[in-house]
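Chemist: Coordinates in target-v2.cif, mmCIF, C-alpha atoms (C1' of nucleotides), are listed below.
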```cif
data_work
loop_
_atom_site.label_atom_id
_atom_site.label_comp_id
_atom_site.auth_asym_id
_atom_site.auth_seq_id
_atom_site.Cartn_x
_atom_site.Cartn_y
_atom_site.Cartn_z
CA MET A 422 31.55 5.67 -7.06
CA GLU A 423 32.57 4.39 -10.45
CA ALA A 424 29.86 3.23 -12.75
CA THR A 425 31.53 -0.13 -13.02
CA LYS A 426 30.78 -1.10 -9.45
CA ARG A 427 27.09 -0.57 -9.88
CA GLN A 428 27.20 -2.46 -13.14
CA GLU A 429 29.00 -5.28 -11.38
CA ILE A 430 26.20 -5.52 -8.86
CA LEU A 431 23.57 -5.72 -11.56
CA LYS A 432 25.48 -8.29 -13.55
CA LYS A 433 26.09 -10.39 -10.48
CA HIS A 434 22.35 -10.60 -9.98
CA SER A 435 21.54 -11.21 -13.64
CA LEU A 436 19.79 -7.90 -14.07
CA ARG A 437 19.92 -5.88 -17.26
CA ILE A 438 21.86 -2.67 -16.95
CA THR A 439 19.54 0.28 -17.37
CA ASP A 440 19.72 3.92 -16.43
CA CYS A 441 16.96 3.60 -13.90
CA ARG A 442 18.57 0.67 -12.12
CA LEU A 443 21.94 2.40 -12.03
CA ASP A 444 20.41 5.54 -10.59
CA VAL A 445 18.36 3.71 -7.99
CA LEU A 446 21.38 1.73 -6.99
CA GLU A 447 23.50 4.83 -6.67
CA PHE A 448 20.86 6.49 -4.53
CA PHE A 449 20.81 3.57 -2.13
CA ILE A 450 24.58 3.41 -1.96
CA ASN A 451 24.91 7.12 -1.29
CA GLN A 452 22.14 7.40 1.25
CA LYS A 453 23.25 4.53 3.46
CA ARG A 454 19.81 4.33 4.94
CA ALA A 455 16.52 2.64 4.32
CA LEU A 456 14.45 4.24 1.61
CA SER A 457 10.81 4.04 0.69
CA GLN A 458 9.24 4.09 -2.73
CA LYS A 459 8.30 7.69 -2.04
CA ASP A 460 11.89 8.64 -1.31
CA LEU A 461 12.78 7.36 -4.75
CA GLU A 462 9.90 9.16 -6.43
CA ASP A 463 10.86 12.45 -4.81
CA THR A 464 14.47 12.21 -5.87
CA LEU A 465 14.57 10.30 -9.14
CA THR A 466 11.94 12.36 -10.86
CA ASP A 467 13.08 11.32 -14.31
CA TYR A 468 11.45 7.95 -13.92
CA ASP A 469 7.86 6.91 -13.74
CA ARG A 470 6.47 5.80 -10.39
CA VAL A 471 5.70 2.40 -11.83
CA THR A 472 9.21 1.98 -13.14
CA LEU A 473 10.63 2.76 -9.73
CA TYR A 474 8.12 0.39 -8.19
CA ARG A 475 9.19 -2.41 -10.51
CA THR A 476 12.85 -1.59 -10.08
CA LEU A 477 12.48 -1.98 -6.33
CA HIS A 478 10.73 -5.28 -6.79
CA SER A 479 13.29 -6.67 -9.20
CA PHE A 480 15.99 -5.68 -6.72
CA ILE A 481 14.15 -7.45 -3.93
CA ASP A 482 13.61 -10.56 -6.02
CA SER A 483 17.23 -10.75 -7.04
CA GLY A 484 18.63 -9.97 -3.61
CA VAL A 485 20.09 -6.53 -4.26
CA LEU A 486 17.78 -4.96 -1.70
CA HIS A 487 15.95 -6.30 1.30
CA LYS A 488 12.69 -5.18 2.79
CA ILE A 489 12.91 -3.72 6.24
CA PRO A 490 9.98 -4.22 8.59
CA ASN A 491 8.39 -0.98 9.59
CA ASP A 492 5.38 -0.21 11.71
CA ASN A 493 4.23 2.87 9.88
CA GLY A 494 2.55 0.99 7.09
CA ILE A 495 5.06 2.10 4.48
CA ALA A 496 7.44 -0.45 3.06
CA SER A 497 11.07 0.49 3.21
CA TYR A 498 14.13 -1.02 1.64
CA GLY A 499 17.81 -1.29 2.37
CA ILE A 500 20.72 -2.32 0.24
CA CYS A 501 22.08 -5.76 0.93
CA PHE A 502 25.62 -6.46 1.83
CA ASP A 503 27.88 -8.17 -0.65
CA THR A 504 27.30 -11.45 1.04
CA CYS A 505 23.66 -11.60 0.03
CA SER A 506 22.29 -13.66 -2.82
CA PRO A 507 18.72 -14.36 -3.90
CA ASP A 508 18.77 -17.56 -1.87
CA SER A 509 20.73 -16.57 1.16
CA HIS A 510 20.45 -13.31 2.98
CA GLN A 511 22.62 -12.33 5.89
CA HIS A 512 21.01 -9.48 7.70
CA ASP A 513 21.85 -10.23 11.23
CA HIS A 514 22.53 -6.59 11.76
CA VAL A 515 20.39 -4.05 13.51
CA HIS A 516 18.13 -1.48 11.96
CA PHE A 517 17.70 1.69 13.90
CA LYS A 518 14.45 3.58 13.66
CA CYS A 519 14.39 7.10 15.05
CA THR A 520 11.11 7.72 16.80
CA THR A 521 11.45 11.44 16.22
CA CYS A 522 12.42 11.88 12.57
CA GLY A 523 11.34 8.42 11.44
CA GLN A 524 14.58 7.74 9.66
CA LEU A 525 15.54 4.12 9.37
CA GLU A 526 19.15 3.15 9.02
CA CYS A 527 21.38 0.15 9.12
CA ILE A 528 23.77 -0.25 12.00
CA GLU A 529 26.72 -1.98 10.46
CA GLU A 530 27.64 -4.19 13.29
CA HIS A 531 26.76 -7.82 13.31
CA ILE A 532 25.26 -9.00 16.54
CA GLN A 533 24.74 -12.14 18.44
CA LEU A 534 21.19 -13.26 17.87
CA PRO A 535 19.18 -13.71 21.03
CA ALA A 536 18.17 -17.18 22.08
CA PHE A 537 14.51 -18.01 21.74
CA LYS A 538 12.38 -21.08 21.53
CA LEU A 539 9.88 -21.43 18.74
CA PRO A 540 6.74 -23.54 18.98
CA LYS A 541 6.95 -27.10 17.74
CA ASP A 542 7.41 -27.47 14.00
CA TYR A 543 8.21 -23.83 13.47
CA ARG A 544 11.37 -23.17 11.53
CA ALA A 545 13.31 -19.92 11.60
CA GLN A 546 14.96 -18.63 8.47
CA SER A 547 16.04 -15.11 9.32
CA VAL A 548 15.70 -12.54 12.03
CA ASP A 549 15.02 -8.83 11.82
CA ILE A 550 15.92 -6.63 14.72
CA ILE A 551 14.72 -3.06 14.88
CA VAL A 552 15.94 -0.78 17.61
CA ASN A 553 13.66 2.17 18.17
CA GLY A 554 15.10 5.24 19.75
CA ILE A 555 16.48 8.68 19.12
CA CYS A 556 19.21 9.31 16.61
CA GLN A 557 22.10 11.66 17.11
CA LYS A 558 20.53 14.32 14.93
CA CYS A 559 17.30 14.38 16.95
CA ASP A 560 18.79 13.93 20.38
CA PRO A 561 17.69 16.87 22.53
CA ALA A 562 20.36 16.21 25.13
CA PRO A 563 23.48 14.69 23.61
CA ASN A 564 26.21 13.40 25.86
CA MET B 1199 -14.67 -15.74 26.89
CA GLU B 1200 -17.07 -13.94 29.14
CA ALA B 1201 -18.15 -10.48 28.15
CA THR B 1202 -16.97 -9.15 31.48
CA LYS B 1203 -13.31 -9.73 30.73
CA ARG B 1204 -13.43 -7.66 27.58
CA GLN B 1205 -15.32 -4.95 29.44
CA GLU B 1206 -12.66 -5.04 32.13
CA ILE B 1207 -9.98 -4.39 29.54
CA LEU B 1208 -11.84 -1.42 28.13
CA LYS B 1209 -12.55 0.05 31.55
CA LYS B 1210 -8.96 -0.40 32.62
CA HIS B 1211 -7.90 1.73 29.69
CA SER B 1212 -10.63 4.34 30.14
CA LEU B 1213 -12.40 3.43 26.93
CA ARG B 1214 -16.14 3.54 26.51
CA ILE B 1215 -17.71 0.15 26.11
CA THR B 1216 -19.20 -0.17 22.65
CA ASP B 1217 -20.23 -3.09 20.50
CA CYS B 1218 -17.51 -2.42 18.00
CA ARG B 1219 -14.76 -2.32 20.58
CA LEU B 1220 -16.01 -5.48 22.23
CA ASP B 1221 -16.12 -7.30 18.91
CA VAL B 1222 -12.71 -6.10 17.82
CA LEU B 1223 -11.29 -7.10 21.17
CA GLU B 1224 -12.86 -10.53 20.98
CA PHE B 1225 -11.46 -11.02 17.49
CA PHE B 1226 -7.95 -10.23 18.65
CA ILE B 1227 -8.26 -12.46 21.68
CA ASN B 1228 -9.59 -15.38 19.65
CA GLN B 1229 -7.16 -15.11 16.78
CA LYS B 1230 -4.03 -14.93 18.92
CA ARG B 1231 -2.16 -13.42 16.03
CA ALA B 1232 -1.37 -10.07 14.51
CA LEU B 1233 -4.19 -8.60 12.49
CA SER B 1234 -4.35 -5.87 9.91
CA GLN B 1235 -7.07 -3.35 9.32
CA LYS B 1236 -8.12 -5.47 6.37
CA ASP B 1237 -8.48 -8.56 8.52
CA LEU B 1238 -10.93 -6.65 10.65
CA GLU B 1239 -12.85 -5.31 7.68
CA ASP B 1240 -13.22 -8.77 6.19
CA THR B 1241 -14.53 -10.28 9.39
CA LEU B 1242 -16.40 -7.57 11.25
CA THR B 1243 -18.53 -6.52 8.31
CA ASP B 1244 -21.15 -4.89 10.52
CA TYR B 1245 -18.89 -1.94 11.11
CA ASP B 1246 -17.72 0.82 8.86
CA ARG B 1247 -14.11 0.83 7.69
CA VAL B 1248 -13.56 4.13 9.38
CA THR B 1249 -14.97 2.90 12.66
CA LEU B 1250 -12.62 -0.04 12.63
CA TYR B 1251 -9.78 2.27 11.72
CA ARG B 1252 -10.53 4.52 14.65
CA THR B 1253 -11.09 1.61 16.97
CA LEU B 1254 -7.63 0.32 16.15
CA HIS B 1255 -6.15 3.72 16.80
CA SER B 1256 -7.90 4.24 20.09
CA PHE B 1257 -6.63 0.81 21.15
CA ILE B 1258 -3.11 1.74 20.16
CA ASP B 1259 -3.30 5.06 21.97
CA SER B 1260 -4.60 3.50 25.14
CA GLY B 1261 -2.22 0.56 25.11
CA VAL B 1262 -4.66 -2.25 24.37
CA LEU B 1263 -2.91 -3.08 21.12
CA HIS B 1264 0.57 -2.52 19.81
CA LYS B 1265 1.76 -2.04 16.27
CA ILE B 1266 3.94 -4.76 14.89
CA PRO B 1267 6.56 -3.91 12.31
CA ASN B 1268 5.90 -5.66 9.06
CA ASP B 1269 7.82 -5.66 5.83
CA ASN B 1270 4.86 -5.80 3.49
CA GLY B 1271 3.86 -2.18 3.88
CA ILE B 1272 0.65 -3.05 5.70
CA ALA B 1273 0.41 -2.12 9.33
CA SER B 1274 -0.49 -4.95 11.66
CA TYR B 1275 -1.51 -5.02 15.27
CA GLY B 1276 -1.25 -7.38 18.18
CA ILE B 1277 -2.96 -7.43 21.53
CA CYS B 1278 -0.83 -6.33 24.42
CA PHE B 1279 -0.16 -8.41 27.44
CA ASP B 1280 -1.75 -7.50 30.72
CA THR B 1281 1.37 -5.76 31.81
CA CYS B 1282 1.06 -3.03 29.22
CA SER B 1283 -0.24 0.44 29.89
CA PRO B 1284 -0.35 3.54 27.69
CA ASP B 1285 2.93 4.69 29.19
CA SER B 1286 4.81 1.47 29.57
CA HIS B 1287 4.83 -1.32 27.08
CA GLN B 1288 6.63 -4.59 27.60
CA HIS B 1289 7.01 -6.29 24.29
CA ASP B 1290 10.31 -7.96 24.65
CA HIS B 1291 8.87 -10.99 22.99
CA VAL B 1292 9.38 -12.27 19.49
CA HIS B 1293 7.05 -11.92 16.58
CA PHE B 1294 7.04 -14.74 14.09
CA LYS B 1295 6.29 -14.07 10.46
CA CYS B 1296 5.59 -17.04 8.23
CA THR B 1297 7.21 -16.50 4.87
CA THR B 1298 4.72 -18.84 3.24
CA CYS B 1299 1.30 -17.81 4.50
CA GLY B 1300 2.32 -14.38 5.72
CA GLN B 1301 0.76 -14.87 9.11
CA LEU B 1302 2.26 -12.87 11.90
CA GLU B 1303 1.98 -14.05 15.46
CA CYS B 1304 3.33 -13.39 18.89
CA ILE B 1305 5.61 -15.93 20.50
CA GLU B 1306 4.72 -15.71 24.12
CA GLU B 1307 8.12 -16.10 25.58
CA HIS B 1308 10.07 -13.18 26.85
CA ILE B 1309 13.62 -13.11 25.67
CA GLN B 1310 16.92 -11.69 26.59
CA LEU B 1311 17.59 -8.77 24.33
CA PRO B 1312 20.77 -9.06 22.34
CA ALA B 1313 23.72 -6.84 23.10
CA PHE B 1314 24.57 -4.29 20.49
CA LYS B 1315 26.49 -1.07 20.24
CA LEU B 1316 24.82 1.99 18.83
CA PRO B 1317 26.67 4.89 17.23
CA LYS B 1318 27.60 7.78 19.46
CA ASP B 1319 24.68 9.81 20.77
CA TYR B 1320 22.10 7.29 19.69
CA ARG B 1321 19.66 6.25 22.38
CA ALA B 1322 17.61 3.06 22.30
CA GLN B 1323 14.07 3.01 23.63
CA SER B 1324 12.66 -0.32 22.53
CA VAL B 1325 13.52 -3.28 20.39
CA ASP B 1326 11.40 -5.25 17.96
CA ILE B 1327 12.45 -8.71 16.93
CA ILE B 1328 10.82 -10.48 14.02
CA VAL B 1329 11.71 -14.04 13.24
CA ASN B 1330 10.91 -15.01 9.67
CA GLY B 1331 10.41 -18.64 8.88
CA ILE B 1332 7.85 -21.33 8.25
CA CYS B 1333 5.02 -21.98 10.64
CA GLN B 1334 3.78 -25.39 11.61
CA LYS B 1335 0.78 -25.14 9.32
CA CYS B 1336 2.89 -24.40 6.26
CA ASP B 1337 5.79 -26.68 7.04
CA PRO B 1338 6.17 -29.07 4.10
CA ALA B 1339 8.33 -31.49 6.08
CA PRO B 1340 7.41 -31.44 9.76
CA ASN B 1341 9.61 -33.31 12.22
"C1'" DT C 624 23.10 -6.31 -36.93
"C1'" DA C 625 18.84 -8.83 -36.40
"C1'" DA C 626 16.02 -11.47 -33.33
"C1'" DT C 627 14.67 -12.04 -28.78
"C1'" DT C 628 13.43 -10.84 -24.47
"C1'" DA C 629 13.02 -7.67 -20.79
"C1'" DA C 630 12.32 -2.76 -19.12
"C1'" DT C 631 9.79 1.40 -19.45
"C1'" DG C 632 5.94 4.80 -19.53
"C1'" DC C 633 1.22 5.71 -19.55
"C1'" DA C 634 -3.42 4.94 -18.22
"C1'" DA C 635 -6.26 2.99 -15.17
"C1'" DT C 636 -7.62 0.57 -11.08
"C1'" DT C 637 -7.38 -1.24 -6.42
"C1'" DT C 638 -6.21 -1.01 -1.85
"C1'" DT C 639 -5.13 1.34 2.26
"C1'" DG C 640 -5.00 5.32 5.11
"C1'" DT C 641 -7.23 9.71 6.66
"C1'" DT C 642 -10.42 13.81 7.71
"C1'" DG C 643 -14.94 16.49 8.42
"C1'" DC C 644 -19.35 16.50 9.87
"C1'" DA C 645 -23.95 15.23 11.21
"C1'" DT C 646 -26.09 11.58 13.94
"C1'" DT C 647 -26.22 8.30 17.50
"C1'" DA C 648 -24.90 6.18 21.69
"C1'" DA C 649 -22.39 5.83 26.31
"C1'" DT C 650 -21.35 7.84 30.56
"C1'" DG C 651 -21.70 10.71 34.90
"C1'" DA C 652 -24.43 13.80 37.58
"C1'" DT C 653 -28.84 14.96 39.03
"C1'" DA D 3 -34.48 6.88 35.61
"C1'" DT D 4 -33.56 11.02 33.05
"C1'" DC D 5 -30.87 14.58 31.24
"C1'" DA D 6 -26.68 16.89 29.86
"C1'" DT D 7 -22.27 16.04 28.26
"C1'" DT D 8 -18.98 14.03 25.68
"C1'" DA D 9 -17.33 10.49 22.78
"C1'" DA D 10 -18.22 6.93 19.03
"C1'" DT D 11 -20.19 5.88 14.71
"C1'" DG D 12 -21.43 6.04 9.73
"C1'" DC D 13 -21.28 8.34 5.54
"C1'" DA D 14 -19.09 10.93 2.07
"C1'" DA D 15 -15.13 12.37 0.33
"C1'" DC D 16 -10.39 12.53 -0.34
"C1'" DA D 17 -5.38 11.31 -0.30
"C1'" DA D 18 -1.73 8.22 -0.68
"C1'" DA D 19 0.28 3.85 -1.90
"C1'" DA D 20 0.27 -0.39 -4.29
"C1'" DT D 21 -0.68 -2.92 -8.50
"C1'" DT D 22 -1.89 -4.49 -13.41
"C1'" DG D 23 -2.29 -4.41 -18.66
"C1'" DC D 24 -0.49 -3.07 -22.72
"C1'" DA D 25 1.95 -0.76 -26.31
"C1'" DT D 26 6.57 1.05 -26.98
"C1'" DT D 27 11.39 1.16 -26.34
"C1'" DA D 28 15.76 -0.53 -25.04
"C1'" DA D 29 19.24 -4.25 -23.68
"C1'" DT D 30 21.17 -8.58 -24.56
"C1'" DT D 31 22.41 -12.88 -27.31
"C1'" DA D 32 23.33 -15.20 -31.32
#
```
Before anything else, please render the file you have as structure tokens.

Modeler:
Amino acid sequence: MEATKRQEILKKHSLRITDCRLDVLEFFINQKRALSQKDLEDTLTDYDRVTLYRTLHSFIDSGVLHKIPNDNGIASYGICFDTCSPDSHQHDHVHFKCTTCGQLECIEEHIQLPAFKLPKDYRAQSVDIIVNGICQKCDPAPN
Amino acid sequence: MEATKRQEILKKHSLRITDCRLDVLEFFINQKRALSQKDLEDTLTDYDRVTLYRTLHSFIDSGVLHKIPNDNGIASYGICFDTCSPDSHQHDHVHFKCTTCGQLECIEEHIQLPAFKLPKDYRAQSVDIIVNGICQKCDPAPN
DNA sequence: TAATTAATGCAATTTTGTTGCATTAATGAT
DNA sequence: ATCATTAATGCAACAAAATTGCATTAATTA
């Protein structure tokens, strides 16, 4: 991808354009899957752990990335779609977690949210849906 | 609750009845919400961190508790319904995460899972649904 | 280009997760 | 009830992940 697109994203979210941010952004765009802090550390070895940590957090705060719930105790992050802003996130898409290889990825199809009743005086803001299963790569008996 | 009920749960899952397990179980039953290892450590100070850690894991393995996906990088656990066994879990209910206080709780209403298409050769096993919002306690403007 | 403000790297610390091993306790058979 | 067996516990130690403070460097604005 051209450098300009990544720069556009940063500008749009009022973030200063730095090498680290451009590289992190590129990594997310290329990988098309949820990444953890460790994934970044292993790949972007030019940058300090703390810098990557703070880059992730500034991306979360500004709405470039979103946190994806995970039950393994390690936070993971996915890139937001263009429609996201710091105030309004639209992640009504499914995340798929492979129970074999652990990889977490976004399924780019918007879905109809299920109907559910919340207790009195509870207010919903967003919904995360994680489908656990076996991905194509790990499937022992593909169709 | 009577001690016998907790003992029943342990027996049903072929777990030895120990003080720690009874106390952890009682804590989960009383709190009615998802708890982290830290929650246990802060409350059940009589027991070693490692003991609580292993108690959680034995409960997960035997189907007394289930892990709840969380986006803060800290694993949290919820008590399973009576219908759960080590082999077959039925958690087609919603978890509610308060974006203000961070509390995670089970909404005890089973729901209709949403329809979604997975990529070719992907196989779904289970679905987690987390509703993020504001709980009654944190709601600044209740109805 | 200078002044301002934010990002980075390093050191250090805290928190959380995990393993090995000796000791203690719970269970099942006698 | 007691003993043998097997599992649970506590302690020490370690590993991994998250977090903070501060001096330095770089990006933006005027």

Chemist: Should the cut-off be 10 Å, what would the residue list for chain A against chain D look like, counting only C-alpha atoms (C1' of nucleotides), as a list of chain:residue names?

Modeler: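 Residues passing the distance filter: A:Arg437, A:Ile438, A:Thr439, A:Gln458, A:Lys459, A:Val471, A:Tyr474, A:Gly494, A:Ile495, A:Ala496.
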
Chemist: Write to file, as a compact mmCIF listing (two decimals), keeping the file's coordinate frame, the residues of the selection just made, with C-alpha atoms.

Modeler:
```txt
# COMPACT_ATOMS: atom_id res chain seq x y z
CA ARG A 437 19.92 -5.88 -17.26
CA ILE A 438 21.86 -2.67 -16.95
CA THR A 439 19.54 0.28 -17.37
CA GLN A 458 9.24 4.09 -2.73
CA LYS A 459 8.30 7.69 -2.04
CA VAL A 471 5.70 2.40 -11.83
CA TYR A 474 8.12 0.39 -8.19
CA GLY A 494 2.55 0.99 7.09
CA ILE A 495 5.06 2.10 4.48
CA ALA A 496 7.44 -0.45 3.06
```

Chemist: From the options A:Asn491, A:Ser483, A:Ser497, A:Gln524, which residue's atoms come nearest to chain B, counting all atoms listed in the file?

Modeler: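 Under the stated criterion, the closest residue is A:Asn491.
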
Chemist: Can you check which residues of chain C have any atom within 9 Å of chain B? Use only C-alpha atoms (C1' of nucleotides) and format it as a compact mmCIF listing (two decimals) with C-alpha atoms (C1' of nucleotides), in the frame of the given file.

Modeler:
```txt
# COMPACT_ATOMS: atom_id res chain seq x y z
C1' DT C 639 -5.13 1.34 2.26
C1' DG C 640 -5.00 5.32 5.11
C1' DT C 641 -7.23 9.71 6.66
C1' DA C 648 -24.90 6.18 21.69
C1' DA C 649 -22.39 5.83 26.31
C1' DT C 650 -21.35 7.84 30.56
```

Chemist: Could you spell out the hits of the PyMOL selection byres ((chain B) within 9 of (chain A)) on the shown file, as a PyMOL selection string?

Modeler: chain B and resi 1265-1274+1292+1294+1296-1297+1305+1307-1337+1339-1341

Chemist: Please save C-alpha atoms of the selected residues as a PDB file, in the coordinates of the input.

Modeler:
```pdb
ATOM      1  CA  LYS B1265       1.760  -2.040  16.270  1.00  0.00           C
ATOM      2  CA  ILE B1266       3.940  -4.760  14.890  1.00  0.00           C
ATOM      3  CA  PRO B1267       6.560  -3.910  12.310  1.00  0.00           C
ATOM      4  CA  ASN B1268       5.900  -5.660   9.060  1.00  0.00           C
ATOM      5  CA  ASP B1269       7.820  -5.660   5.830  1.00  0.00           C
ATOM      6  CA  ASN B1270       4.860  -5.800   3.490  1.00  0.00           C
ATOM      7  CA  GLY B1271       3.860  -2.180   3.880  1.00  0.00           C
ATOM      8  CA  ILE B1272       0.650  -3.050   5.700  1.00  0.00           C
ATOM      9  CA  ALA B1273       0.410  -2.120   9.330  1.00  0.00           C
ATOM     10  CA  SER B1274      -0.490  -4.950  11.660  1.00  0.00           C
ATOM     11  CA  VAL B1292       9.380 -12.270  19.490  1.00  0.00           C
ATOM     12  CA  PHE B1294       7.040 -14.740  14.090  1.00  0.00           C
ATOM     13  CA  CYS B1296       5.590 -17.040   8.230  1.00  0.00           C
ATOM     14  CA  THR B1297       7.210 -16.500   4.870  1.00  0.00           C
ATOM     15  CA  ILE B1305       5.610 -15.930  20.500  1.00  0.00           C
ATOM     16  CA  GLU B1307       8.120 -16.100  25.580  1.00  0.00           C
ATOM     17  CA  HIS B1308      10.070 -13.180  26.850  1.00  0.00           C
ATOM     18  CA  ILE B1309      13.620 -13.110  25.670  1.00  0.00           C
ATOM     19  CA  GLN B1310      16.920 -11.690  26.590  1.00  0.00           C
ATOM     20  CA  LEU B1311      17.590  -8.770  24.330  1.00  0.00           C
ATOM     21  CA  PRO B1312      20.770  -9.060  22.340  1.00  0.00           C
ATOM     22  CA  ALA B1313      23.720  -6.840  23.100  1.00  0.00           C
ATOM     23  CA  PHE B1314      24.570  -4.290  20.490  1.00  0.00           C
ATOM     24  CA  LYS B1315      26.490  -1.070  20.240  1.00  0.00           C
ATOM     25  CA  LEU B1316      24.820   1.990  18.830  1.00  0.00           C
ATOM     26  CA  PRO B1317      26.670   4.890  17.230  1.00  0.00           C
ATOM     27  CA  LYS B1318      27.600   7.780  19.460  1.00  0.00           C
ATOM     28  CA  ASP B1319      24.680   9.810  20.770  1.00  0.00           C
ATOM     29  CA  TYR B1320      22.100   7.290  19.690  1.00  0.00           C
ATOM     30  CA  ARG B1321      19.660   6.250  22.380  1.00  0.00           C
ATOM     31  CA  ALA B1322      17.610   3.060  22.300  1.00  0.00           C
ATOM     32  CA  GLN B1323      14.070   3.010  23.630  1.00  0.00           C
ATOM     33  CA  SER B1324      12.660  -0.320  22.530  1.00  0.00           C
ATOM     34  CA  VAL B1325      13.520  -3.280  20.390  1.00  0.00           C
ATOM     35  CA  ASP B1326      11.400  -5.250  17.960  1.00  0.00           C
ATOM     36  CA  ILE B1327      12.450  -8.710  16.930  1.00  0.00           C
ATOM     37  CA  ILE B1328      10.820 -10.480  14.020  1.00  0.00           C
ATOM     38  CA  VAL B1329      11.710 -14.040  13.240  1.00  0.00           C
ATOM     39  CA  ASN B1330      10.910 -15.010   9.670  1.00  0.00           C
ATOM     40  CA  GLY B1331      10.410 -18.640   8.880  1.00  0.00           C
ATOM     41  CA  ILE B1332       7.850 -21.330   8.250  1.00  0.00           C
ATOM     42  CA  CYS B1333       5.020 -21.980  10.640  1.00  0.00           C
ATOM     43  CA  GLN B1334       3.780 -25.390  11.610  1.00  0.00           C
ATOM     44  CA  LYS B1335       0.780 -25.140   9.320  1.00  0.00           C
ATOM     45  CA  CYS B1336       2.890 -24.400   6.260  1.00  0.00           C
ATOM     46  CA  ASP B1337       5.790 -26.680   7.040  1.00  0.00           C
ATOM     47  CA  ALA B1339       8.330 -31.490   6.080  1.00  0.00           C
ATOM     48  CA  PRO B1340       7.410 -31.440   9.760  1.00  0.00           C
ATOM     49  CA  ASN B1341       9.610 -33.310  12.220  1.00  0.00           C
TER      50      ASN B1341
END
```

Chemist: Mind working out the centre and edge lengths of an axis-aligned box for range 10-25 of chain D, all listed atoms inside, 8 Å added to each side, rounded to one decimal in Å and written as lines of an AutoDock Vina configuration file?

Modeler:
```
center_x = -9.7
center_y = 4.0
center_z = -3.6
size_x = 39.4
size_y = 33.0
size_z = 61.3
```

Chemist: Please compute the CA of Leu473 in chain A-CA of Gln428 in chain A distance, one decimal, in Å.

Modeler: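 These two atoms are separated by 17.7 Å.
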
Chemist: Given the choices C:DT653, C:DA635, C:DA629, C:DT647, which gets closest to Ser435 in chain A if the distance is worked out from all atoms listed in the file?

Modeler: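 Looking only at the distances to Ser435 in chain A, the closest residue turns out to be C:DA629.
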
Chemist: Quick one: pull the distance between CA of Thr476 in chain A and C1' of DA626 in chain C, Å, one decimal.

Modeler: 25.5 Å

Chemist: Please compute the CA of Arg470 in chain A-CA of Leu446 in chain A distance, one decimal, in Å.

Modeler: 15.8 Å

Chemist: Find the residue from A:Glu526, A:Pro561, A:Leu431, A:Thr466 that sits nearest to Ser479 in chain A; use all atoms listed in the file when measuring.

Modeler: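 Comparing A:Glu526, A:Pro561, A:Leu431, A:Thr466 against Ser479 in chain A, the winner is A:Leu431.
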